[in-house]
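What follows is the content of data.txt (compact mmCIF, C-alpha atoms and all ligand atoms).
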# COMPACT_ATOMS: atom_id res chain seq x y z
CA MET B 307 -98.27 -4.68 21.26
CA ASP B 308 -99.17 -8.31 20.84
CA PHE B 309 -99.76 -8.89 17.14
CA GLN B 310 -101.78 -11.77 15.72
CA PRO B 311 -100.95 -13.71 12.56
CA LEU B 312 -102.60 -12.27 9.44
CA ASN B 313 -104.60 -15.47 9.24
CA LEU B 314 -104.93 -15.61 5.46
CA GLN B 315 -105.38 -19.26 4.62
CA GLY B 316 -102.76 -20.72 2.37
CA THR B 317 -100.32 -17.86 2.84
CA ASP B 318 -98.86 -18.26 6.30
CA ALA B 319 -97.25 -21.63 5.81
CA LYS B 320 -94.04 -20.65 4.11
CA ARG B 321 -91.95 -17.62 3.52
CA PRO B 322 -92.31 -15.37 1.61
CA ILE B 323 -95.99 -14.46 1.75
CA VAL B 324 -96.38 -12.79 -1.64
CA ILE B 325 -98.81 -10.01 -2.47
CA ALA B 326 -98.77 -9.13 -6.16
CA GLY B 327 -100.78 -7.10 -8.59
CA PRO B 328 -100.76 -3.84 -10.50
CA CYS B 329 -99.88 -0.50 -9.02
CA SER B 330 -103.36 0.63 -10.08
CA ALA B 331 -106.59 -0.96 -11.16
CA GLU B 332 -107.10 0.54 -14.63
CA THR B 333 -109.85 -1.45 -16.36
CA GLU B 334 -111.83 -4.54 -15.44
CA GLU B 335 -110.05 -6.46 -18.20
CA GLN B 336 -106.56 -5.50 -16.97
CA VAL B 337 -107.43 -6.37 -13.37
CA LEU B 338 -108.93 -9.74 -14.26
CA ALA B 339 -106.24 -10.73 -16.77
CA THR B 340 -103.46 -9.93 -14.30
CA ALA B 341 -105.19 -11.61 -11.37
CA LYS B 342 -105.91 -14.79 -13.32
CA GLN B 343 -102.28 -15.16 -14.38
CA LEU B 344 -101.04 -14.47 -10.87
CA ALA B 345 -103.52 -16.93 -9.34
CA ALA B 346 -102.50 -19.58 -11.87
CA ASN B 347 -98.90 -19.10 -10.68
CA GLY B 348 -99.89 -19.67 -7.07
CA ILE B 349 -100.17 -16.09 -5.83
CA LYS B 350 -102.72 -15.91 -3.02
CA ILE B 351 -103.12 -12.17 -2.41
CA PHE B 352 -103.86 -9.70 -5.20
CA ARG B 353 -103.07 -6.01 -4.82
CA ALA B 354 -104.46 -3.13 -6.90
CA GLY B 355 -104.56 0.57 -6.05
CA ILE B 356 -108.05 2.01 -6.40
CA TRP B 357 -107.25 5.48 -5.04
CA LYS B 358 -103.78 6.66 -6.02
CA PRO B 359 -101.90 9.33 -4.09
CA ARG B 360 -100.07 11.21 -6.83
CA THR B 361 -97.26 13.64 -6.22
CA LYS B 362 -98.74 16.21 -8.60
CA PRO B 363 -102.32 16.85 -9.68
CA GLY B 364 -103.25 15.88 -13.21
CA GLY B 365 -101.71 12.40 -13.03
CA PHE B 366 -103.86 9.28 -12.97
CA GLU B 367 -105.50 9.37 -9.54
CA GLY B 368 -107.03 5.91 -9.64
CA VAL B 369 -110.37 4.72 -10.95
CA GLY B 370 -111.97 5.16 -7.52
CA SER B 371 -114.94 3.15 -6.23
CA GLU B 372 -115.78 2.08 -9.78
CA GLY B 373 -112.91 -0.43 -9.52
CA LEU B 374 -114.14 -2.12 -6.35
CA PRO B 375 -116.61 -4.45 -8.11
CA TRP B 376 -113.65 -5.55 -10.29
CA LEU B 377 -111.81 -6.70 -7.17
CA ARG B 378 -114.91 -8.54 -6.01
CA HIS B 379 -115.04 -10.14 -9.43
CA VAL B 380 -111.39 -11.22 -9.08
CA LYS B 381 -112.22 -12.93 -5.80
CA GLN B 382 -115.25 -14.69 -7.27
CA GLU B 383 -113.35 -15.90 -10.33
CA THR B 384 -110.02 -16.89 -8.80
CA GLY B 385 -110.57 -17.28 -5.05
CA ILE B 386 -107.55 -15.04 -4.46
CA TYR B 387 -107.60 -12.54 -1.56
CA THR B 388 -107.77 -8.88 -2.56
CA ALA B 389 -105.90 -5.91 -1.10
CA THR B 390 -106.05 -2.18 -1.67
CA GLU B 391 -104.75 1.08 -0.23
CA VAL B 392 -106.95 3.24 1.98
CA ALA B 393 -106.17 6.84 2.83
CA THR B 394 -109.46 8.17 4.20
CA ALA B 395 -112.44 6.91 6.23
CA LYS B 396 -114.49 6.90 3.03
CA HIS B 397 -111.98 4.57 1.36
CA VAL B 398 -112.25 2.21 4.34
CA TYR B 399 -116.08 2.10 4.21
CA GLU B 400 -116.11 1.61 0.44
CA ALA B 401 -113.43 -1.12 0.44
CA LEU B 402 -115.18 -3.02 3.24
CA LYS B 403 -118.52 -2.73 1.47
CA TYR B 404 -117.04 -4.58 -1.51
CA GLY B 405 -115.38 -7.27 0.61
CA VAL B 406 -111.74 -6.31 0.12
CA ASP B 407 -109.81 -8.73 2.37
CA VAL B 408 -106.65 -6.80 3.22
CA LEU B 409 -106.09 -3.05 3.47
CA TRP B 410 -102.83 -1.16 3.43
CA ILE B 411 -101.91 2.35 4.45
CA GLY B 412 -99.60 4.10 1.99
CA ALA B 413 -96.37 5.88 2.81
CA ARG B 414 -97.77 9.39 2.41
CA THR B 415 -100.65 8.56 4.72
CA THR B 416 -98.51 6.93 7.42
CA ALA B 417 -96.63 10.22 7.62
CA ASN B 418 -99.85 11.99 8.65
CA PRO B 419 -101.15 11.11 12.15
CA PHE B 420 -104.51 12.82 11.52
CA ALA B 421 -105.15 10.64 8.48
CA VAL B 422 -104.01 7.46 10.24
CA GLN B 423 -106.29 8.24 13.20
CA GLU B 424 -109.21 8.82 10.85
CA ILE B 425 -108.58 5.40 9.29
CA ALA B 426 -108.18 3.79 12.72
CA ASP B 427 -111.51 5.27 13.85
CA ALA B 428 -113.23 4.02 10.69
CA LEU B 429 -111.84 0.53 11.32
CA LYS B 430 -113.01 0.19 14.93
CA GLY B 431 -114.76 -3.13 15.43
CA VAL B 432 -113.56 -4.54 12.08
CA ASP B 433 -111.33 -7.60 12.14
CA ILE B 434 -109.25 -7.38 8.97
CA PRO B 435 -105.52 -7.65 8.25
CA ILE B 436 -103.96 -4.25 7.73
CA LEU B 437 -100.49 -3.51 6.40
CA ILE B 438 -98.75 -0.29 7.26
CA LYS B 439 -96.11 1.09 4.94
CA ASN B 440 -93.27 3.11 6.38
CA PRO B 441 -93.71 6.90 6.21
CA VAL B 442 -91.98 8.61 3.27
CA ASN B 443 -89.43 10.12 5.64
CA PRO B 444 -87.01 7.92 7.61
CA ASP B 445 -88.75 8.25 10.96
CA LEU B 446 -89.17 4.98 12.84
CA GLU B 447 -91.21 6.56 15.63
CA LEU B 448 -93.74 7.92 13.14
CA TRP B 449 -94.04 4.43 11.62
CA ILE B 450 -94.54 2.85 15.05
CA GLY B 451 -97.01 5.61 15.95
CA ALA B 452 -99.18 4.69 12.94
CA ILE B 453 -99.00 1.00 13.89
CA GLU B 454 -100.05 1.89 17.46
CA ARG B 455 -103.01 3.96 16.27
CA ILE B 456 -104.33 1.00 14.26
CA TYR B 457 -103.55 -1.47 17.05
CA ASN B 458 -105.34 0.71 19.61
CA ALA B 459 -108.44 0.67 17.40
CA GLY B 460 -108.56 -3.08 18.12
CA LEU B 461 -106.96 -4.39 14.92
CA HIS B 462 -104.20 -6.82 15.81
CA LYS B 463 -103.62 -8.55 12.46
CA ILE B 464 -101.02 -6.03 11.45
CA ALA B 465 -97.92 -6.22 9.28
CA ALA B 466 -95.40 -3.55 8.31
CA ILE B 467 -94.27 -2.88 4.74
CA HIS B 468 -90.81 -1.51 4.08
CA ARG B 469 -91.03 0.56 0.86
CA GLY B 470 -87.94 2.70 1.31
CA PHE B 471 -87.54 6.36 2.19
CA SER B 472 -87.84 9.36 -0.06
CA SER B 473 -84.67 11.25 -0.84
CA TYR B 474 -83.61 14.03 -3.15
CA ASP B 475 -80.90 11.78 -4.49
CA LYS B 476 -82.50 9.18 -6.78
CA LYS B 477 -79.44 7.79 -8.51
CA VAL B 478 -79.87 4.09 -7.76
CA TYR B 479 -83.08 3.66 -5.81
CA ARG B 480 -86.37 5.48 -6.13
CA ASN B 481 -86.59 5.27 -2.34
CA GLN B 482 -83.55 4.63 -0.17
CA PRO B 483 -83.72 1.22 1.53
CA GLN B 484 -82.06 2.26 4.82
CA TRP B 485 -82.47 -1.35 5.96
CA HIS B 486 -81.49 -0.58 9.53
CA ILE B 487 -84.87 1.11 10.09
CA PRO B 488 -87.12 -1.92 9.38
CA ILE B 489 -84.56 -4.08 11.15
CA GLU B 490 -84.80 -1.94 14.25
CA LEU B 491 -88.60 -2.18 13.97
CA HIS B 492 -88.25 -5.97 13.92
CA ARG B 493 -85.91 -5.90 16.91
CA ARG B 494 -88.50 -3.97 18.90
CA TYR B 495 -91.52 -5.98 17.69
CA PRO B 496 -90.28 -9.46 16.77
CA ASN B 497 -93.80 -10.81 16.15
CA LEU B 498 -94.80 -8.02 13.75
CA PRO B 499 -94.63 -9.55 10.23
CA LEU B 500 -92.41 -7.56 7.91
CA PHE B 501 -92.98 -7.22 4.16
CA CYS B 502 -90.64 -5.66 1.63
CA ASP B 503 -91.85 -3.67 -1.39
CA PRO B 504 -88.97 -3.92 -3.88
CA SER B 505 -91.01 -2.19 -6.61
CA HIS B 506 -91.26 1.07 -4.70
CA ILE B 507 -87.76 0.87 -3.22
CA GLY B 508 -86.08 0.19 -6.55
CA GLY B 509 -88.36 2.02 -8.94
CA LYS B 510 -86.97 -0.26 -11.69
CA ARG B 511 -87.86 -3.78 -12.80
CA GLU B 512 -84.28 -4.99 -12.67
CA LEU B 513 -83.97 -4.15 -8.98
CA ILE B 514 -86.96 -6.29 -7.94
CA ALA B 515 -85.01 -9.57 -7.87
CA PRO B 516 -81.92 -8.38 -5.95
CA LEU B 517 -83.98 -6.38 -3.44
CA SER B 518 -86.31 -9.33 -2.87
CA GLN B 519 -83.30 -11.58 -2.24
CA GLN B 520 -81.85 -9.04 0.19
CA ALA B 521 -85.17 -8.95 2.05
CA MET B 522 -85.22 -12.75 2.26
CA ASP B 523 -81.64 -12.80 3.52
CA MET B 524 -82.73 -10.37 6.22
CA GLN B 525 -85.56 -12.75 7.16
CA PHE B 526 -88.45 -10.59 5.98
CA ASP B 527 -91.74 -12.50 6.10
CA GLY B 528 -93.23 -11.35 2.83
CA LEU B 529 -93.00 -9.36 -0.38
CA ILE B 530 -95.42 -6.99 -2.09
CA ILE B 531 -94.50 -6.67 -5.74
CA GLU B 532 -96.16 -4.73 -8.53
CA SER B 533 -97.20 -6.95 -11.41
CA HIS B 534 -99.18 -5.97 -14.50
CA CYS B 535 -100.31 -8.01 -17.51
CA THR B 536 -98.71 -5.41 -19.82
CA PRO B 537 -96.36 -3.32 -17.65
CA ASP B 538 -95.19 -1.06 -20.48
CA THR B 539 -98.67 0.35 -20.89
CA ALA B 540 -99.38 0.74 -17.14
CA TRP B 541 -101.07 4.00 -16.17
CA SER B 542 -98.85 4.42 -13.09
CA ASP B 543 -95.41 3.17 -12.00
CA LYS B 544 -94.78 1.31 -15.25
CA ASP B 545 -91.01 1.05 -14.78
CA GLN B 546 -91.31 -0.98 -11.59
CA GLN B 547 -93.90 -3.57 -12.61
CA VAL B 548 -93.25 -6.99 -14.09
CA THR B 549 -95.53 -9.44 -15.86
CA PRO B 550 -96.91 -12.32 -13.75
CA GLU B 551 -94.63 -14.58 -15.80
CA ILE B 552 -91.47 -12.67 -14.90
CA LEU B 553 -92.63 -12.42 -11.31
CA ASP B 554 -92.87 -16.19 -11.23
CA VAL B 555 -89.27 -16.50 -12.44
CA ILE B 556 -88.09 -13.99 -9.84
CA LEU B 557 -89.85 -15.82 -7.03
CA ARG B 558 -88.59 -19.23 -8.11
CA LYS B 559 -85.02 -17.99 -8.11
CA LEU B 560 -85.17 -16.65 -4.57
CA VAL B 561 -82.96 -18.49 -2.13
CA ILE B 562 -84.74 -18.86 1.18
CA ARG B 563 -82.40 -19.52 4.05
CA GLU B 564 -83.93 -20.39 7.37
CA MET B 565 -82.07 -19.25 10.44
CA LYS B 566 -81.69 -21.49 13.47
CA GLN B 567 -83.61 -20.35 16.53
CA SER B 568 -80.58 -20.49 18.81
CA THR B 569 -78.74 -17.90 16.79
CA GLU B 570 -81.75 -15.58 16.54
CA ASP B 571 -80.10 -12.80 18.58
CA LEU B 572 -76.96 -12.96 16.52
CA VAL B 573 -79.05 -12.95 13.36
CA ASP B 574 -80.75 -9.73 14.43
CA LEU B 575 -77.46 -8.06 15.13
CA ARG B 576 -76.00 -9.26 11.83
CA ARG B 577 -78.99 -7.93 9.97
CA GLN B 578 -78.36 -4.59 11.57
CA ILE B 579 -74.75 -4.73 10.45
CA ASP B 580 -75.81 -5.64 6.90
CA GLY B 581 -78.19 -2.72 6.80
CA LEU B 582 -75.71 -0.28 8.27
CA ASP B 583 -72.98 -1.38 5.87
CA ASN B 584 -75.31 -0.77 2.93
CA ASP B 585 -76.09 2.68 4.30
CA LEU B 586 -72.40 3.40 4.77
CA LEU B 587 -71.70 2.48 1.15
CA GLU B 588 -74.50 4.67 -0.11
CA ILE B 589 -73.33 7.64 1.93
CA LEU B 590 -69.77 7.08 0.80
CA ALA B 591 -70.86 6.96 -2.84
CA LYS B 592 -72.86 10.15 -2.36
CA ARG B 593 -69.81 11.83 -0.82
CA MET B 594 -67.70 10.77 -3.81
CA ARG B 595 -70.24 12.27 -6.19
CA VAL B 596 -70.19 15.60 -4.37
CA SER B 597 -66.42 15.45 -4.34
CA LYS B 598 -66.48 14.96 -8.11
CA GLU B 599 -68.71 18.01 -8.48
CA ILE B 600 -66.17 20.00 -6.49
CA GLY B 601 -63.50 18.64 -8.84
CA THR B 602 -65.44 19.92 -11.85
CA TYR B 603 -65.77 23.32 -10.22
CA LYS B 604 -62.04 23.42 -9.45
CA LYS B 605 -61.26 22.50 -13.05
CA GLU B 606 -63.51 25.22 -14.44
CA HIS B 607 -62.14 27.85 -12.05
CA ASP B 608 -58.50 26.75 -12.07
CA VAL B 609 -58.39 25.98 -8.34
CA ALA B 610 -55.75 23.61 -6.96
CA VAL B 611 -57.06 20.17 -5.98
CA VAL B 612 -55.47 19.96 -2.53
CA GLN B 613 -55.93 22.95 -0.31
CA THR B 614 -53.91 22.14 2.79
CA GLY B 615 -55.72 24.58 5.07
CA ARG B 616 -59.11 23.09 4.28
CA TYR B 617 -57.81 19.53 4.58
CA ASN B 618 -56.29 20.03 8.06
CA GLU B 619 -59.41 21.75 9.25
CA ILE B 620 -61.62 18.92 8.02
CA LEU B 621 -59.39 16.28 9.50
CA GLU B 622 -59.16 17.84 12.95
CA LYS B 623 -62.84 18.59 13.24
CA ARG B 624 -63.92 15.19 12.01
CA ILE B 625 -61.52 13.31 14.26
CA ALA B 626 -62.76 15.29 17.26
CA ASN B 627 -66.39 14.57 16.30
CA GLY B 628 -65.61 10.88 15.88
CA GLU B 629 -63.98 10.77 19.29
CA LYS B 630 -67.04 12.43 20.82
CA LEU B 631 -69.06 9.59 19.30
CA GLY B 632 -66.87 7.05 21.08
CA MET B 633 -64.43 6.05 18.32
CA SER B 634 -60.68 6.07 18.65
CA HIS B 635 -58.44 8.81 17.29
CA ASP B 636 -56.42 6.36 15.18
CA PHE B 637 -59.47 4.73 13.67
CA MET B 638 -60.92 8.10 12.72
CA ARG B 639 -57.63 9.23 11.20
CA THR B 640 -57.27 6.05 9.12
CA ILE B 641 -60.81 6.23 7.74
CA LEU B 642 -60.83 9.96 7.04
CA GLU B 643 -57.41 9.90 5.40
CA ALA B 644 -58.47 7.04 3.15
CA ILE B 645 -61.62 8.89 2.11
CA HIS B 646 -59.70 12.09 1.48
CA GLU B 647 -57.03 10.29 -0.50
CA GLU B 648 -59.63 8.72 -2.77
CA SER B 649 -61.37 12.09 -3.26
CA VAL B 650 -58.10 13.67 -4.28
CA ARG B 651 -57.37 10.80 -6.67
CA VAL B 652 -60.80 11.17 -8.28
CA GLN B 653 -60.45 14.94 -8.62
CA VAL B 654 -56.94 14.74 -10.07
CA GLU B 655 -58.14 12.16 -12.60
CA LEU B 656 -61.03 14.45 -13.53
CA ILE B 657 -58.85 17.56 -13.94
CA ASN B 658 -56.37 15.73 -16.16
CA LYS B 659 -59.07 14.31 -18.41
C1 LIG J 701 -98.43 1.76 -4.03
O1 LIG J 701 -98.28 0.75 -3.35
O2 LIG J 701 -98.80 1.76 -5.21
C2 LIG J 701 -98.06 3.07 -3.44
C3 LIG J 701 -98.66 4.19 -3.78
O3 LIG J 701 -97.04 2.93 -2.60
P1 LIG J 701 -96.33 3.95 -1.55
O4 LIG J 701 -97.39 4.34 -0.57
O5 LIG J 701 -95.31 3.04 -0.97
O6 LIG J 701 -95.75 5.07 -2.33
MN MN J 702 -97.15 2.00 -7.26

Show how you would write the structure in this file as structure tokens.
Amino acid sequence: MDFQPLNLQGTDAKRPIVIAGPCSAETEEQVLATAKQLAANGIKIFRAGIWKPRTKPGGFEGVGSEGLPWLRHVKQETGIYTATEVATAKHVYEALKYGVDVLWIGARTTANPFAVQEIADALKGVDIPILIKNPVNPDLELWIGAIERIYNAGLHKIAAIHRGFSSYDKKVYRNQPQWHIPIELHRRYPNLPLFCDPSHIGGKRELIAPLSQQAMDMQFDGLIIESHCTPDTAWSDKDQQVTPEILDVILRKLVIREMKQSTEDLVDLRRQIDGLDNDLLEILAKRMRVSKEIGTYKKEHDVAVVQTGRYNEILEKRIANGEKLGMSHDFMRTILEAIHEESVRVQVELINK
């Protein structure tokens, strides 16, 4: 696939390209007030969800087509580009009718090839930038498949948005970053612009800044961040939206490091290592939590912390598995013993509390 630049004047010059705006368009006043503040702070692309895919029925499902004239109004008043999510052919026709400049496909839609194909068919012959969020599940091929469907419909101004991957475990992130997945996407398609959505990854305002910095350190091209004039009263995703003012502070504080061309290959590999290390830490933390739960069970049922039989069995099996995966016996033993030792320490501490 040979992607073209998004070609949105005034946005391509420097990293990051920032798309900002509320999770959802709620009222004309809220949309205009937010957009005006963002535009005054130099934001060039305004996002607002018109049709909202909600996990359960009964939640706020978006204002629907009624909100499209508000976006047109935003463009007339501020000159800012507008962007919204499309999930069906009807959404595409409606958004185009009202002159929306950029469309994005949401995570739930990317996961459904029928829906993506329907959107691709509706877009045939239209030359508009389209951003494709990763599917909710960590499946790179499914993400690439959605990108291919849109590309094959003749749209080549495509970018990918990394918004994290759904998981049952929502302790730190709303959606697990699993950075190695977007990084692998970049390795395969180096000219596909990559955006990061720290609002949906983090699910919390305070994670927007560190996640944005991480994305910049990994050389992402852009950010899509939820911003609302009064986030606390937002009708959807209120915990992960910031005021345009706070957004401005976050963006100003970002450190943008440019990588030298000659080390590009090394940079890619290092980004993979960064991502994998983060994943390793998350998995390790998850393992420690489960281990703690086992500790609680042992305490309640008066079971000894170290059960030699179980330990030897684990160790032997794991070492053999590790060797099958190409790692040395000694390395496996060192790592697994260290993990086990820490689990025992944590459980003993818990039992003696
Ligand atoms: C959104 O951008 O508001 C949204 C619904 O995101 P996602 O598809 O990433 O859940
Ligand atoms: Mn949202």

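With all atoms listed in the file as the atoms that count, the minimum distance from ligand MN 702 (chain J) to the choices B:Pro483, B:Pro496, B:Pro322, B:Pro504 is reached by B:Pro504.
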
(message) Could you check the closest approach to Glu335 in chain B for each of B:Met307, B:Met594, B:Cys535, B:Leu529 and tell me which residue wins, using all atoms listed in the file?
(response)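 Comparing B:Met307, B:Met594, B:Cys535, B:Leu529 against Glu335 in chain B, the winner is B:Cys535.
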
Could you list, with a cut-off of 8 Å and counting only C-alpha atoms and all ligand atoms, the residues of chain B near ligand LIG 701 (chain J), each shown with its nearest atom pair and the distance in Å rounded to one decimal, rows sorted by chain and ascending number, as a tab-separated table?
residue	atom	partner	partner_atom	distance
B:Pro328	CA	J:LIG701	O2	7.9
B:Cys329	CA	J:LIG701	O2	4.6
B:Ser330	CA	J:LIG701	O2	6.8
B:Ala354	CA	J:LIG701	O2	7.7
B:Gly355	CA	J:LIG701	O2	5.9
B:Lys358	CA	J:LIG701	C3	6.1
B:Pro359	CA	J:LIG701	C3	6.1
B:Arg360	CA	J:LIG701	C3	7.8
B:Glu391	CA	J:LIG701	O1	7.2
B:Ile411	CA	J:LIG701	O4	7.0
B:Gly412	CA	J:LIG701	O4	3.4
B:Ala413	CA	J:LIG701	O4	3.9
B:Arg414	CA	J:LIG701	O4	5.9
B:Thr415	CA	J:LIG701	O4	7.5
B:Lys439	CA	J:LIG701	O5	6.3
B:Asn440	CA	J:LIG701	O5	7.6
B:Val442	CA	J:LIG701	O6	7.6
B:Arg469	CA	J:LIG701	O5	5.3
B:Gly470	CA	J:LIG701	O5	7.7
B:Asp503	CA	J:LIG701	O5	7.6
B:His506	CA	J:LIG701	O5	5.8
B:Glu532	CA	J:LIG701	O2	7.8
B:Asp543	CA	J:LIG701	O2	7.7

(message) Just want the 10 Å neighbourhood of Lys320 in chain B, counted on only C-alpha atoms, with same-chain residues fewer than 5 positions away dropped. Output as a ChimeraX atom specification.
(response) /B:527-528,562

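Ranking B:Gly364, B:Gly385, B:Gly615, B:Gly370 by their shortest atom-to-atom distance to Gly316 in chain B, with only C-alpha atoms included, puts B:Gly385 first.
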
(request) Might you pull out every residue within 12 Å of Asn618 in chain B, with all atoms listed in the file counted and same-chain residues fewer than 4 positions away left off, and present them as a list in words? (result)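 Those residues are Val612, Gln613, Thr614, Glu622, Lys623, Arg624, Ile625, Arg639, Leu642, Glu643 and His646 of chain B.
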
(message) Considering all atoms listed in the file, can you say which of B:Ile450, B:Met638, B:Leu557, B:Ile487 comes closest to His468 in chain B?
(response)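 Checking each candidate against His468 in chain B, we get B:Ile487 as the closest.
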
(message) So the first atom is CA of Pro499 in chain B and the second is CA of Phe526 in chain B; what is the distance between them in Å, to one decimal place?
(response)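 One can read the CA of Pro499 in chain B to CA of Phe526 in chain B distance as 7.6 Å.
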
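Each of B:Ile641, B:Ile351, B:Leu513, B:Met522 was compared to Leu314 in chain B using all atoms listed in the file, and B:Ile351 turns out to be the nearest.
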
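In this comparison, which uses all atoms listed in the file, the residue of B:Arg558, B:Lys544, B:Arg455, B:Arg493 approaching Arg511 in chain B most closely is B:Lys544.
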
(request) Between CA of Leu446 in chain B and CA of Glu490 in chain B, measure the distance and give it in Å to one decimal. (result)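 Straight-line distance from CA of Leu446 in chain B to CA of Glu490 in chain B works out to 8.3 Å.
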
For range 362-417 of chain B, write C-alpha atoms out as a compact mmCIF listing (two decimals), in the first residue's frame.
# COMPACT_ATOMS: atom_id res chain seq x y z
CA LYS B 362 -24.89 -1.14 26.60
CA PRO B 363 -28.21 0.21 25.34
CA GLY B 364 -29.73 3.08 27.26
CA GLY B 365 -26.53 5.16 27.38
CA PHE B 366 -26.17 8.35 25.37
CA GLU B 367 -25.95 7.16 21.77
CA GLY B 368 -25.02 10.47 20.21
CA VAL B 369 -27.18 13.28 18.90
CA GLY B 370 -27.15 11.80 15.40
CA SER B 371 -27.50 13.80 12.18
CA GLU B 372 -28.91 16.74 14.14
CA GLY B 373 -25.33 17.53 15.21
CA LEU B 374 -23.89 17.70 11.71
CA PRO B 375 -24.96 21.32 11.05
CA TRP B 376 -23.14 22.19 14.32
CA LEU B 377 -19.90 20.84 12.85
CA ARG B 378 -20.49 22.84 9.68
CA HIS B 379 -21.05 25.86 11.88
CA VAL B 380 -17.73 25.19 13.66
CA LYS B 381 -15.96 25.18 10.31
CA GLN B 382 -17.63 28.41 9.20
CA GLU B 383 -16.85 30.20 12.46
CA THR B 384 -13.32 29.00 13.15
CA GLY B 385 -11.94 27.60 9.88
CA ILE B 386 -10.92 24.46 11.75
CA TYR B 387 -11.23 21.06 10.01
CA THR B 388 -13.92 18.76 11.40
CA ALA B 389 -13.76 15.01 12.04
CA THR B 390 -16.31 12.43 13.13
CA GLU B 391 -16.72 8.68 13.50
CA VAL B 392 -18.62 6.68 10.89
CA ALA B 393 -19.85 3.15 11.45
CA THR B 394 -22.36 2.62 8.64
CA ALA B 395 -22.86 3.68 5.01
CA LYS B 396 -25.59 6.05 6.17
CA HIS B 397 -23.16 7.79 8.52
CA VAL B 398 -20.74 8.24 5.62
CA TYR B 399 -23.39 9.79 3.33
CA GLU B 400 -24.67 12.08 6.07
CA ALA B 401 -21.20 13.24 7.18
CA LEU B 402 -20.15 13.96 3.59
CA LYS B 403 -23.37 15.84 2.94
CA TYR B 404 -22.48 18.25 5.74
CA GLY B 405 -18.87 18.68 4.62
CA VAL B 406 -17.09 16.84 7.43
CA ASP B 407 -13.40 16.90 6.43
CA VAL B 408 -11.99 13.81 8.12
CA LEU B 409 -13.70 10.54 9.02
CA TRP B 410 -12.57 7.89 11.45
CA ILE B 411 -13.58 4.29 11.95
CA GLY B 412 -14.01 3.32 15.59
CA ALA B 413 -12.47 0.33 17.32
CA ARG B 414 -15.67 -1.70 17.47
CA THR B 415 -16.25 -1.16 13.76
CA THR B 416 -12.69 -2.03 12.71
CA ALA B 417 -13.24 -5.40 14.38
